[in-house]
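In what follows, a structure is listed as structure tokens, so that the remarks can point back to it.
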Amino acid sequence: MGKFRFGIGLRALENQDEWITKCRRAEELGYDAITVPDHLGKGRMAPFPALAVAAAVTERLRLGPLVSNVPFYNLGLFAREVSTTVKLTGGRLDLGLGAGHMKHEFDDAGLPWSPARERIAYLGKSLGALEKHFEDEGVEAPPLLIAGNSDGVLDLAAAHADIVGFAGLRQAPGKPPGTFILDDAATMDERVGHFRAKAAGREAEANMLVQKVTVTADRRAAAAEWAADIPQLNLDVDGLLEAPQLLLGTIDEIVEQLVARRERYGFSYITVFEPAMEDFAPVVAELSGK
């Protein structure tokens with residue numbers, strides 16, 4: 001089991017001052033990493049310039065996209081973005097890569113939407129292109145995080161990644177692209193098991209991108225409320241309480257959940273979203289480095 005470390009996923013950018021304040025606050029609270037998703041939409045930011053500024057105003061945080069939507073990019077231009085950001089972050093970049101999953105974002109960008117197997121193949125192609133670029137430029141390759149849920153992406157992670165990322169979401173069968181359901185605890189066992197079998201003993205840190213954090217004295221009531229607010233959820237209350245991508249309970253209960261899930265799944269690198277940054281900070285203080 002690895003020691004715990006914690007990331008905060010920052011998703012919105014209002015202005016320079018607000019961004020600097022958030023980045024410095026994350027460091028003050030003891031988080032180990034700032035991550036930025038790669039999505040299109042109102043208020044969404046371009047990851048690499050945001051991460052370069054975060055590096056300039058913090059001292060120790062790791063920084064990275066979680067994750068770059070590789071099929072958005074020409075690989076030569078993408079490699080240039082990455083190597084520049086490696087330099088501007090002083091080598092603190094963790095390079096997160098994924099195959100993309102939101103069709104409407106490709107539509108909005110005027111980009112073709114390809115079947116999953118083609119997007120995964122392009123992700124695989126990017127690994128060689130990046131490696132060659134780093135060699136040609138004399139840039140030390142950053143740690144590589146590959147995140148996804150499909151066999152194909154997990155196979156790439158098993159062969160190449162320093163960090164494998166899980167989010168516990170999957171495309172809902174028969175629904176429009178971008179309609180997701182939550183994996184239950186047993187399905188997460190199977191996904192982690194698939195990765196481990198393909199890795200065949202090759203070590204990689206395991207990241208869990210937590211979808212929801214609720215600090216509460218009544219876990220069951222919180223799960224029931226969330227289920228009622230989101231009717232399309234595929235898990236009942238008991239399933240939500242056991243789902244490894246959700247953290248519900250008191251600080252002590254959440255600490256216990258994370259320790260148990262590290263034992264079960266190997267998740268030692270935990271990322272939560274920006275709205276939970278303050279509420280989750282006592283967990284960070286309790287478990288960092290343990």
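Ligands are numbered from 1 in the order shown, chains are lettered A, B, ... in the order of the structure tokens, and residues start at 1 in each chain.
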
Quick check for you: according to DSSP on this backbone, which residues of stretch 15-68 of chain A are classed as alpha helix (DSSP H)? Reply as a ChimeraX atom specification. /A:16-28,47-57

Leaving out A:Lys132 and any residue of its chain fewer than 3 positions from it, which residues lie within 12 Å of it when counting only C-alpha atoms, given as JSON, numbers by chain? {"A": [75, 76, 79, 80, 83, 125, 126, 127, 128, 129, 135, 136, 137, 138, 139, 140, 141]}

Given the choices A:Leu154, A:Ala206, A:Leu233, A:Leu241, which gets closest to A:Arg220 if the distance is worked out from only C-alpha atoms? A:Leu241

Just give me the gap between atom CA of A:Val164 and atom CA of A:Phe280 in Å, one decimal is fine.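 Interatomic distance, atom CA of A:Val164 to atom CA of A:Phe280: 22.4 Å.
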
Between atom CA of A:Leu93 and atom CA of A:Ser150, distance in Å (one decimal): 25.0 Å

Distance in Å - atom CA of A:Phe134 versus atom CA of A:Asp94: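 The value is 14.3 Å.
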
Which of stretch 14-244 of chain A fall in strand (DSSP E or B), as a PyMOL selection string: chain A and resi 33-36+62-65+68-69+93+95-98+144-147+163-166+169-171+180-182+205-209+212-215

Please, which residues in stretch 223-265 of chain A fall within 7 Å of stretch 207-215 of chain A when counting only C-alpha atoms, and what is the closest atom pair and distance in Å to one decimal for each, ordered by chain then residue number, as a tab-separated table?
```
residue	atom	partner	partner_atom	distance
A:Gln245	CA	A:Val210	CA	4.6
A:Leu246	CA	A:Lys212	CA	5.1
A:Leu247	CA	A:Val213	CA	4.8
A:Leu248	CA	A:Thr214	CA	4.8
A:Gly249	CA	A:Val215	CA	5.1
A:Thr250	CA	A:Val215	CA	5.3
A:Ile251	CA	A:Val215	CA	6.6
```

Non-local contacts of A:Pro282 (10 Å; only C-alpha atoms; under 4 positions in same chain excluded) as a PDB file with N, CA, C and O atoms, in the first residue's frame:
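Heads up, here's the output in out-v5.pdb:
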```
ATOM      1  N   LEU A  29      -3.855  24.299   2.921  1.00  0.00           N
ATOM      2  CA  LEU A  29      -4.675  23.242   3.516  1.00  0.00           C
ATOM      3  C   LEU A  29      -3.984  21.880   3.508  1.00  0.00           C
ATOM      4  O   LEU A  29      -4.514  20.925   4.079  1.00  0.00           O
ATOM      5  N   GLY A  30      -2.843  21.783   2.876  1.00  0.00           N
ATOM      6  CA  GLY A  30      -2.083  20.545   2.915  1.00  0.00           C
ATOM      7  C   GLY A  30      -2.282  19.609   1.747  1.00  0.00           C
ATOM      8  O   GLY A  30      -1.775  18.472   1.768  1.00  0.00           O
ATOM      9  N   ILE A 251     -16.001  13.120   9.598  1.00  0.00           N
ATOM     10  CA  ILE A 251     -14.579  13.081   9.235  1.00  0.00           C
ATOM     11  C   ILE A 251     -13.987  11.732   9.620  1.00  0.00           C
ATOM     12  O   ILE A 251     -13.259  11.108   8.822  1.00  0.00           O
ATOM     13  N   ASP A 252     -14.294  11.255  10.807  1.00  0.00           N
ATOM     14  CA  ASP A 252     -13.761   9.953  11.230  1.00  0.00           C
ATOM     15  C   ASP A 252     -14.243   8.831  10.331  1.00  0.00           C
ATOM     16  O   ASP A 252     -13.474   7.906   9.997  1.00  0.00           O
ATOM     17  N   VAL A 255     -12.376   9.015   7.018  1.00  0.00           N
ATOM     18  CA  VAL A 255     -11.025   8.475   7.210  1.00  0.00           C
ATOM     19  C   VAL A 255     -11.065   6.948   7.171  1.00  0.00           C
ATOM     20  O   VAL A 255     -10.252   6.302   6.500  1.00  0.00           O
ATOM     21  N   MET A 277     -13.156  21.345  -1.072  1.00  0.00           N
ATOM     22  CA  MET A 277     -11.786  21.646  -0.653  1.00  0.00           C
ATOM     23  C   MET A 277     -11.685  21.945   0.839  1.00  0.00           C
ATOM     24  O   MET A 277     -10.818  21.409   1.534  1.00  0.00           O
ATOM     25  N   GLU A 278     -12.537  22.774   1.363  1.00  0.00           N
ATOM     26  CA  GLU A 278     -12.458  23.149   2.780  1.00  0.00           C
ATOM     27  C   GLU A 278     -12.980  22.024   3.676  1.00  0.00           C
ATOM     28  O   GLU A 278     -12.348  21.682   4.684  1.00  0.00           O
ATOM     29  N   GLU A 286      -5.420  14.517   8.583  1.00  0.00           N
ATOM     30  CA  GLU A 286      -5.363  13.261   9.335  1.00  0.00           C
ATOM     31  C   GLU A 286      -4.542  12.186   8.624  1.00  0.00           C
ATOM     32  O   GLU A 286      -3.812  11.421   9.260  1.00  0.00           O
ATOM     33  N   LEU A 287      -4.641  12.145   7.292  1.00  0.00           N
ATOM     34  CA  LEU A 287      -4.092  10.978   6.588  1.00  0.00           C
ATOM     35  C   LEU A 287      -2.864  11.267   5.717  1.00  0.00           C
ATOM     36  O   LEU A 287      -2.237  10.322   5.245  1.00  0.00           O
TER      37      LEU A 287
END
```

Nearest to A:His160 among A:Pro112, A:Gly289, A:Gly124, A:Pro244, with distances taken over only C-alpha atoms: which residue is it?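 Checking each candidate against A:His160, we get A:Gly124 as the closest.
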
Of A:Lys198, A:Arg262, A:His101, A:Trp113, the one sitting nearest A:Leu169 when using only C-alpha atoms is A:His101

Quick one: residues within 12 Å of A:Gly148, only C-alpha atoms, excluding same-chain residues fewer than 6 positions away - as a ChimeraX atom specification? /A:66-69,96-101,116,119-120,123,154-158,161,163-171,191-192,195,206-209

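Between A:Arg60 and the candidates A:Ala33, A:His39, A:Pro47, A:Tyr269, the tightest atom-to-atom separation, counting only C-alpha atoms, involves A:Ala33.
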
Nearest candidate to A:Phe273 (options A:Thr35, A:Thr21, A:Gln16, A:Gln257; using only C-alpha atoms): A:Thr35

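Taking only C-alpha atoms into account, A:Glu105 lies nearest to A:Arg44 out of the set A:Arg261, A:Arg44, A:Lys175, A:Arg25.
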
Which residues are close to stretch 50-54 of chain A, i.e. within 9 Å by only C-alpha atoms, leaving aside same-chain residues fewer than 6 positions away? Reply as a PyMOL selection string. chain A and resi 13+16+19-20+23-24+34-36+61+63-65+85-86+88-89+93
